[in-house]
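Below is one structure, written out as structure tokens, with a few remarks after it.
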Amino acid sequence: MKYIEPHGHMVSRTTADYKSMALAGCVAISEPAFWAGYDRSAVQGFHDYFSQLTQYEPARAAKFGIEHYCWLCINPKEGDDPGFAREVISIIPEFISHTNVLGIGEIGLNKNTKNELAIFEEQVALAVKYDQLILVHTPHLEDKLKGTRLIMDAIEANGNVSPGRVLIDHVEEHTVKEVMDRGYWAGMTLYPDTKCTAQRAADIIEMYGTQQIWMNSACDWGISDPLAVPKARMELKHRGHSEDIIHKLTFDNPFTFLSQSSNFTLAE
Ligand SMILES: [Zn+2]
């Protein structure tokens, strides 16, 4: 059964991972821009990264029949340095017309600082200016609920963003309902041990339903699994969920959200 990996950091992955994902049924990947594990020392570092996301990764994915899409931004962690962040934001328009760009992301908050929030608001405005979708990173652990609310409040304060064009990722049991109730799409990020496991994701779906929600693996440079989505499908199947429900969660839902960008051209 085919699936979409809607949030995968393939720059952290080997070519063998592309192959494994293709064998597991992956037909498209969307890759948000994120923190590299270290702070870049110059805006040129982001110039190279955006080139990698818009040119190199699509070619690498295509070798395995996978369509590659991406998102551009300065991540919340480096967004805490507003002077530097604004330099990075100023080069995003150079890349935004690439045919694999779906929107601005993953923007959001890391430690819920004033600087992070200011840069988040400026990138929401950038998305509005260029009519782009938005993909949001929410903070971890004790900062998550407060940060998720700050993020939704800031988007609504902008006044020009439809919540249906925003995906709020890394939801957990205590944030998913409010995200959905306010009209946003929700993303569950599956990790092998910490954060949301396949079992917790299945519990969340059983409690809150299958509307406006997707599952992704992140598959970043940390302890993560590029096959987390197909493994979650097995968990759902094991629990007796139908093929239709599993297909909706891992193909139709990301397809519907991402298709709001005219650059997303995957055949149904
Ligand atoms: Zn991410």
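Chain labels run A, B, ... following the order of the structure tokens; each chain numbers its residues from 1, and ligands are numbered from 1 in the order shown.
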
Identify, on the basis of only C-alpha atoms, every residue whose closest approach to range 118-129 of chain A does not exceed 8 Å; exclude the query and any residue fewer than 5 positions from it along the same chain; express the result as a list in words.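 Selected residues are Cys73, Pro76, Gly79, Asp80, Pro82, Ala85, Arg86, Ile89, Gly103, Ile104, Ile107, Gly108, Leu109, Ile134, Ala154, Ile155, Asn158, Asn160 and Val161 of chain A.
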
Could you write those residues out with N, CA and C atoms, as a CSV table (one decimal), in the first residue's frame?
chain,number,residue,atom,x,y,z
A,73,CYS,N,12.4,28.0,5.8
A,73,CYS,CA,12.2,28.9,6.9
A,73,CYS,C,13.5,29.0,7.7
A,76,PRO,N,12.8,27.5,14.7
A,76,PRO,CA,12.6,28.2,15.9
A,76,PRO,C,13.8,28.4,16.8
A,79,GLY,N,15.9,30.9,15.4
A,79,GLY,CA,15.1,32.1,15.3
A,79,GLY,C,15.2,33.0,16.6
A,80,ASP,N,15.8,32.4,17.6
A,80,ASP,CA,16.0,33.2,18.8
A,80,ASP,C,17.0,34.3,18.7
A,82,PRO,N,17.2,37.3,16.5
A,82,PRO,CA,16.4,38.0,15.5
A,82,PRO,C,17.2,38.6,14.4
A,85,ALA,N,18.1,35.8,12.1
A,85,ALA,CA,16.9,35.3,11.5
A,85,ALA,C,16.4,36.1,10.4
A,86,ARG,N,16.4,37.4,10.6
A,86,ARG,CA,15.9,38.3,9.5
A,86,ARG,C,16.8,38.3,8.3
A,89,ILE,N,15.6,35.1,6.6
A,89,ILE,CA,14.2,35.4,6.0
A,89,ILE,C,14.4,36.1,4.7
A,103,GLY,N,5.7,25.5,1.1
A,103,GLY,CA,5.3,26.5,2.0
A,103,GLY,C,6.4,26.9,2.9
A,104,ILE,N,6.0,27.5,4.0
A,104,ILE,CA,7.0,28.0,5.1
A,104,ILE,C,6.9,27.1,6.3
A,107,ILE,N,8.2,26.3,11.1
A,107,ILE,CA,8.3,27.5,12.0
A,107,ILE,C,7.6,27.2,13.3
A,108,GLY,N,7.9,28.0,14.3
A,108,GLY,CA,7.2,27.7,15.6
A,108,GLY,C,8.0,28.2,16.7
A,109,LEU,N,7.9,27.5,17.8
A,109,LEU,CA,8.6,28.0,19.1
A,109,LEU,C,9.4,26.8,19.6
A,134,ILE,N,1.6,26.6,5.7
A,134,ILE,CA,2.4,26.8,6.9
A,134,ILE,C,2.5,25.4,7.6
A,154,ALA,N,-1.1,33.5,17.8
A,154,ALA,CA,-0.3,34.4,16.9
A,154,ALA,C,-0.8,34.3,15.4
A,155,ILE,N,-1.2,33.1,15.0
A,155,ILE,CA,-1.7,32.9,13.6
A,155,ILE,C,-3.0,33.6,13.5
A,158,ASN,N,-2.8,37.3,13.2
A,158,ASN,CA,-2.4,37.8,11.8
A,158,ASN,C,-3.7,38.2,11.0
A,160,ASN,N,-5.1,36.8,8.4
A,160,ASN,CA,-5.1,36.5,7.0
A,160,ASN,C,-4.9,35.0,6.7
A,161,VAL,N,-4.8,34.2,7.8
A,161,VAL,CA,-4.5,32.8,7.6
A,161,VAL,C,-5.7,31.9,7.9

Around ligand 1, which protein and nucleic acid residues have at least one atom no more than 12 Å from it, if we count only C-alpha atoms and all ligand atoms? List them as a ChimeraX atom specification. /A:5-12,30-37,70-73,75-77,105-108,110,135-139,168-170,187-191,216-222,224

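Ranking A:Pro163, A:Gly209, A:Gly240, A:Pro230 by their shortest atom-to-atom distance to Gly25 in chain A, with only C-alpha atoms included, puts A:Pro230 first.
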
As a PDB file with C-alpha atoms, in the first residue's frame, please: the residues near Val101 in chain A (cut-off 9 Å, only C-alpha atoms, same-chain neighbours under 5 positions excluded).
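File written: result_21.pdb
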ATOM      1  CA  LEU A  53      16.342  21.076  -0.270  1.00  0.00           C
ATOM      2  CA  THR A  54      15.242  22.434  -3.631  1.00  0.00           C
ATOM      3  CA  TYR A  69       8.843  18.408  -1.755  1.00  0.00           C
ATOM      4  CA  CYS A  70      10.174  20.909   0.778  1.00  0.00           C
ATOM      5  CA  TRP A  71       9.440  23.840   3.068  1.00  0.00           C
ATOM      6  CA  LEU A  72      11.657  26.860   3.736  1.00  0.00           C
ATOM      7  CA  PHE A  95      14.006  30.007  -3.431  1.00  0.00           C
ATOM      8  CA  ILE A  96      10.237  30.189  -3.039  1.00  0.00           C
ATOM      9  CA  GLN A 132       2.150  29.659   1.068  1.00  0.00           C
ATOM     10  CA  SER A 261      -0.232  23.994  -2.790  1.00  0.00           C
ATOM     11  CA  ASN A 263       3.282  22.738  -6.503  1.00  0.00           C
ATOM     12  CA  PHE A 264       2.110  19.410  -5.056  1.00  0.00           C
TER      13      PHE A 264
END

Go through A:Ser262, A:Met207, A:Gln212, A:Ala157 one by one, measure the shortest atom-to-atom distance of each to Leu249 in chain A using only C-alpha atoms, and give the residue with the smallest value. A:Gln212

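Between CA of Ile66 in chain A and CA of Lys19 in chain A the interatomic distance comes to 9.4 Å.
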
What gap, in Å, lies between CA of Lys237 in chain A and CA of Glu172 in chain A?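 Pair CA of Lys237 in chain A / CA of Glu172 in chain A returns 21.3 Å.
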
Quick check for you: according to DSSP on this backbone, which residues of range 46-110 of chain A are classed as alpha helix (DSSP H)? Reply as JSON, numbers by chain. {"A": [46, 47, 48, 49, 50, 51, 57, 58, 59, 60, 61, 62, 82, 83, 84, 85, 86, 87, 88, 89, 90, 91, 92, 93, 94, 95]}

So that I can check the surroundings of range 180-183 of chain A, please list as a list of chain:residue names every protein, DNA and RNA residue that reaches within 9 Å of it, counting only C-alpha atoms and ignoring chain neighbours fewer than 6 positions away. A:Met152, A:Ser162, A:Pro163, A:Gly164, A:Val166, A:Tyr208, A:Gln211, A:Gln212, A:Ile213

Restricting the calculation to only C-alpha atoms, which member of A:Ile74, A:Leu167, A:Ile91, A:Ile204 is positioned closest to Phe257 in chain A?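 Checking each of A:Ile74, A:Leu167, A:Ile91, A:Ile204 against Phe257 in chain A, counting only C-alpha atoms, the winner is A:Leu167.
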
Which residue out of A:Phe50, A:Gly45, A:Tyr18, A:Ala201 has the minimum interatomic distance to His98 in chain A when only C-alpha atoms are used?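 Residue with the minimum atom-to-atom distance to His98 in chain A: A:Phe50.
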
When DSSP is applied to the backbone of this structure, which of range 63-264 of chain A are assigned strand (DSSP E or B)? Write them out as a short mmCIF file (atom, residue, chain, number, x, y, z; two decimals) with N, CA and C atoms, in the first residue's frame.
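The file below, selection_12.cif, is the result:
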data_model
loop_
_atom_site.label_atom_id
_atom_site.label_comp_id
_atom_site.auth_asym_id
_atom_site.auth_seq_id
_atom_site.Cartn_x
_atom_site.Cartn_y
_atom_site.Cartn_z
N GLU A 67 8.61 11.28 -5.08
CA GLU A 67 8.56 12.72 -5.31
C GLU A 67 8.98 13.43 -4.04
N HIS A 68 9.84 14.43 -4.18
CA HIS A 68 10.36 15.16 -3.01
C HIS A 68 9.88 16.61 -3.04
N TYR A 69 9.30 17.02 -1.92
CA TYR A 69 8.84 18.41 -1.76
C TYR A 69 9.50 18.99 -0.51
N CYS A 70 9.54 20.32 -0.41
CA CYS A 70 10.17 20.91 0.78
C CYS A 70 9.49 22.19 1.25
N TRP A 71 9.92 22.61 2.42
CA TRP A 71 9.44 23.84 3.07
C TRP A 71 10.67 24.66 3.44
N LEU A 72 10.53 25.98 3.44
CA LEU A 72 11.66 26.86 3.74
C LEU A 72 11.35 27.71 4.96
N VAL A 101 8.64 23.55 -3.73
CA VAL A 101 8.39 24.25 -2.45
C VAL A 101 6.89 24.30 -2.16
N LEU A 102 6.53 23.80 -0.97
CA LEU A 102 5.10 23.76 -0.58
C LEU A 102 4.72 24.88 0.38
N GLY A 103 5.69 25.46 1.06
CA GLY A 103 5.31 26.50 2.02
C GLY A 103 6.44 26.90 2.94
N ILE A 104 6.04 27.54 4.05
CA ILE A 104 6.97 28.04 5.06
C ILE A 104 6.90 27.10 6.26
N GLY A 105 8.03 26.52 6.62
CA GLY A 105 8.05 25.60 7.75
C GLY A 105 9.38 24.89 7.90
N GLU A 106 9.65 24.18 9.02
CA GLU A 106 8.75 24.21 10.14
C GLU A 106 9.11 25.35 11.07
N ILE A 107 8.19 26.32 11.09
CA ILE A 107 8.34 27.48 11.98
C ILE A 107 7.61 27.17 13.28
N GLY A 108 7.86 27.97 14.30
CA GLY A 108 7.17 27.72 15.56
C GLY A 108 7.97 28.25 16.72
N LEU A 133 1.46 27.62 2.17
CA LEU A 133 1.02 26.82 3.32
C LEU A 133 2.01 27.00 4.47
N ILE A 134 1.57 26.63 5.68
CA ILE A 134 2.43 26.77 6.86
C ILE A 134 2.52 25.43 7.59
N LEU A 135 3.75 25.05 7.96
CA LEU A 135 3.97 23.84 8.76
C LEU A 135 4.65 24.27 10.07
N VAL A 136 4.05 23.87 11.19
CA VAL A 136 4.46 24.40 12.50
C VAL A 136 5.09 23.33 13.37
N HIS A 137 6.23 23.69 13.98
CA HIS A 137 6.90 22.88 15.00
C HIS A 137 6.44 23.38 16.37
N VAL A 166 -2.86 25.40 7.68
CA VAL A 166 -1.75 25.29 8.64
C VAL A 166 -1.76 23.89 9.25
N LEU A 167 -0.60 23.23 9.26
CA LEU A 167 -0.47 21.97 9.97
C LEU A 167 0.39 22.19 11.22
N ILE A 168 -0.16 21.81 12.35
CA ILE A 168 0.57 21.95 13.62
C ILE A 168 1.10 20.57 14.01
N TRP A 185 -4.90 21.52 11.00
CA TRP A 185 -4.47 20.14 10.80
C TRP A 185 -3.47 19.79 11.90
N ALA A 186 -3.47 18.52 12.30
CA ALA A 186 -2.58 18.07 13.35
C ALA A 186 -1.63 17.01 12.81
N GLY A 187 -0.36 17.06 13.23
CA GLY A 187 0.62 16.04 12.85
C GLY A 187 1.12 15.31 14.08
N MET A 188 1.20 14.00 13.98
CA MET A 188 1.78 13.19 15.06
C MET A 188 3.14 12.70 14.59
N THR A 189 4.18 13.06 15.33
CA THR A 189 5.54 12.68 14.96
C THR A 189 5.92 11.43 15.73
N LEU A 190 6.21 10.38 14.99
CA LEU A 190 6.45 9.06 15.59
C LEU A 190 7.93 8.86 15.85
N CYS A 196 5.95 10.60 20.72
CA CYS A 196 4.77 9.83 20.31
C CYS A 196 5.19 8.51 19.64
N ILE A 213 -5.74 14.97 10.34
CA ILE A 213 -4.58 14.51 11.11
C ILE A 213 -3.72 13.61 10.24
N TRP A 214 -2.40 13.70 10.43
CA TRP A 214 -1.49 12.79 9.73
C TRP A 214 -0.43 12.27 10.68
N MET A 215 0.35 11.30 10.20
CA MET A 215 1.46 10.73 10.96
C MET A 215 2.73 10.90 10.14
N ASN A 216 3.81 11.22 10.83
CA ASN A 216 5.10 11.34 10.14
C ASN A 216 6.22 10.81 11.03
N ALA A 218 9.53 12.18 11.06
CA ALA A 218 10.60 13.17 11.23
C ALA A 218 11.92 12.66 10.62
#

Select, from A:Glu178, A:Glu243, A:Glu173, A:Asp48, the residue with the minimum atom-to-atom distance to Arg149 in chain A, counting only C-alpha atoms. A:Glu178

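If you measure from each of A:His174, A:His47, A:Arg239, A:Lys231 to Glu206 in chain A using only C-alpha atoms, the closest one turns out to be A:Arg239.
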